[in-house]
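> A single structure is presented below for examination.
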Amino acid sequence: MSTPFYVSPQQAMADRAEYARKGIARGRSVVVLTYAEGIVFVAENTSRALHKVSEIYDKIAFAAVGRYNEFENLRIGGVRYADLRGYSYDRADVTARGLANVYAQTLGTIFSSVGEKPYEVELIVAEVGKTADNDQIYRLTPDGSVVDEKNYVVVGGNADSIGNYLGQRHRVGMSLTEAVKVAVDSLARDPNGGSPRSLTPEQLEVAVLDRQRFQQRKFKRILGNQLGRLLDGDQSAEADDDEKPAAATPSDE
Amino acid sequence: MEANTRGTGRLPAAFLTPGSSSFLDFLAEHKPELLPGGRGLPEGSVVEAPHGTTIVAAVFDGGVVIAGDRRATMGNVIAQRDIEKVFPADEYSAVGIAGTAGLAVEMVRLFQLELEHYEKIEGATLSLEGKANRLTTMIRGNLGMAMQGLAVVPIFAGYDLDRGRGRIFNYDVTGGRSEERGFAATGSGSVFARGSMKKLYRDGLTADQAVTLVVQALYDAADDDSATGGPDLARKIFPIVSLITEDGFRRLTEAEVTEVVVAITDERLTHPNGPQAPLI
């Protein structure tokens with residue numbers, strides 16, 4: 001029988017963190033930023049079926065990068081957690097903070113458990129508040145840390161360089177058009193200083209948590225024509241569907 | 001909260017197991033005691049609880065209207081004058097419930113959640129038939145309670161986006177469902193409401209006419225059934241009327257319903273039996 005190598009706990013954790021970090025950096029980025037009426041999510045994603053951004057509950061949405069099956073599992077777990085909590089107590093008692101905590105515990109336990117490989121995912125849980133001051137954005141890393149972010153956050157891909165760019169461009173109280181433009185510009189930049197790529201609506205997944213939406217569920221995907229017009233800087237695209245909220249396309253959520 | 005089963009706060013395995021898109025199935029597996037049918041009653045006991053009464057629905061060109069009176073009774077006592085028995089199920093459907101009020105309201109909450117949960121997990125809405133079938137399952141789950149006097153009998157109405165028209169499903173106490181052509185009624189006053197609509201209903205109604213039709217039917221039901229509440233002019237408690245069209249669910253405002261109710265009650269001052277259909 002062979003004697004197992006001794007690996008110091010520091011080394012073991014560092015290896016796991018490195019493993020997860022590499023998995024996450026391989027994918028494309030997701031940008032989340034606040035605007036005047038809520039929070040906008042912009043992801044580079046050519047798939048119409050596999051979402052990186054999804055609705056969790058009335059005011060809460062979820063964005064993720066990394067390994068799809070792992071974050072999809074966490075998303076479903078989050079929806080079940082939120083729905084169960086809302087059913088047992090009240091819809092108002094489901095909060096992003098509670099959900100972020102449960103995710104942190106789940107990720108943290110998996111990260112330090114010897115029998116499981118760490119999840120290669122980075123998550124964002126965001127909740128839109130009644131006013132901009134009450135908006136909450138949490139970033140969760142694979143080791144179970146929770147970072148309370150203000151105004152904007154980027155995960156996956158070249159998160160650092162995109163984050164720097166957003167830091168210079170993001171203003172509090174931007175309109176949706178401005179916010180989407182900043183987000184798309186940040187995603188299109190070449191980290192090596194080359195000319196920016198051009199991103200078409202087909203390559204983007206955009207969704208908002210819009211506090212002005214009068215329905216209980218504030219999450220809304222921005223699709224097709226509306227996204228095209230928004231990318232062209234057409235301000236009128238922001239108000240799309242607001243007059244006939246119930247008529248929003250059935251694939252809306 | 002319930003997430004913490006291993007002392008780590010980690011989501012339990014049931015939350016992370018892929019497969020079911022149904023919140024009901026998830027509850028049955030993880031928290032069966034939260035299901036309305038999950039707690040049995042002692043054999044042979046009969047519980048007296050408030051009962052909701054009459055629900056009516058009718059199809060018109062471009063949608064469907066569903067309405068309910070506001071009375072809940074317990075034996076010969078009026079338990080509540082302003083109970084609400086018509087609820088949106090999701091953007092394109094609604095459910096109106098007659099029967100044990102407490103169970104009905106809980107069932108509606110669960111049904112709304114079931115549809116929303118599916119929508120969020122799958123990223124697509126259920127077909128109208130699919131929604132109707134989920135409701136069947138829930139009513140059947142309540143059969144034990146129903147046999148002890150706590151029945152719940154809904155009407156499910158919705159706009160079918162695939163077929164481009166309104167549809168109505170009527171349920172019996174075992175969950176058996178039948179799609180109704182034109183109009184439907186359930187609850188204690190349903191016999192009178194159906195008789196009324198039979199004479200007044202015709203194809204090609206407009207939305208406004210359909211609203212008048214269902215309010216007339218509720219008036220007739222209240223006229224002959226003591227458990228159905230008529231319009232309460234003194235307290236301004238009027239039926240709840242909701243429309244579902246291509247544009248989605250919309251509950252008529254109090255002002256809109258008041259206008260229809262006042263027109264009808266005024267007319268009934270001269271014709272207490274309401275509008276008259278030709279003899280032949």
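Each chain of the structure tokens is named A, B, ... in the order shown, its residues numbered from 1; ligands are numbered from 1 in display order.
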Check every residue of chain B for an atom within 9 Å of chain A, counting only C-alpha atoms, and provide those that qualify as a PyMOL selection string.
chain B and resi 1-4+8-12+14-18+21+23+26-27+34+91-92+109-110+113+117+119-121+123-125+161+246-250
> Report as a VMD selection string: the residues of range 1-249 of chain A with a DSSP assignment of strand (DSSP E), based on the backbone of this structure.
chain A and resid 30 to 35 38 to 44 53 to 57 60 to 66 121 to 127 136 to 140 146 to 149 152 to 155 204 to 210 219 to 222
> Any idea what's packed within 8 Å of Leu103 in chain B, counting only C-alpha atoms, ignoring anything in its chain fewer than 6 positions away? Could you give it as a compact mmCIF listing (two decimals) with all heavy atoms, in the first residue's frame?

# COMPACT_ATOMS: atom_id res chain seq x y z
N PRO B 36 -51.76 21.04 0.41
CA PRO B 36 -53.10 21.15 1.01
C PRO B 36 -53.69 19.78 1.34
O PRO B 36 -54.34 19.62 2.36
CB PRO B 36 -53.92 21.85 -0.08
CG PRO B 36 -52.93 22.51 -0.96
CD PRO B 36 -51.67 21.72 -0.88
N LEU B 150 -65.13 19.01 2.52
CA LEU B 150 -64.28 20.16 2.19
C LEU B 150 -63.91 20.13 0.71
O LEU B 150 -62.74 20.04 0.34
CB LEU B 150 -63.02 20.15 3.06
CG LEU B 150 -63.28 20.18 4.57
CD1 LEU B 150 -61.97 20.14 5.33
CD2 LEU B 150 -64.05 21.43 4.96
N VAL B 152 -63.46 21.39 -3.20
CA VAL B 152 -63.05 22.58 -3.94
C VAL B 152 -63.36 22.32 -5.41
O VAL B 152 -62.86 21.35 -5.97
CB VAL B 152 -61.54 22.86 -3.76
CG1 VAL B 152 -61.12 24.03 -4.63
CG2 VAL B 152 -61.21 23.12 -2.31
> Would you please extract all alpha helix (DSSP H) residues from range 136-180 of chain B, as assigned by DSSP on the backbone, and give them as an NGL selection string?
:B and (136-141 or 143-146)
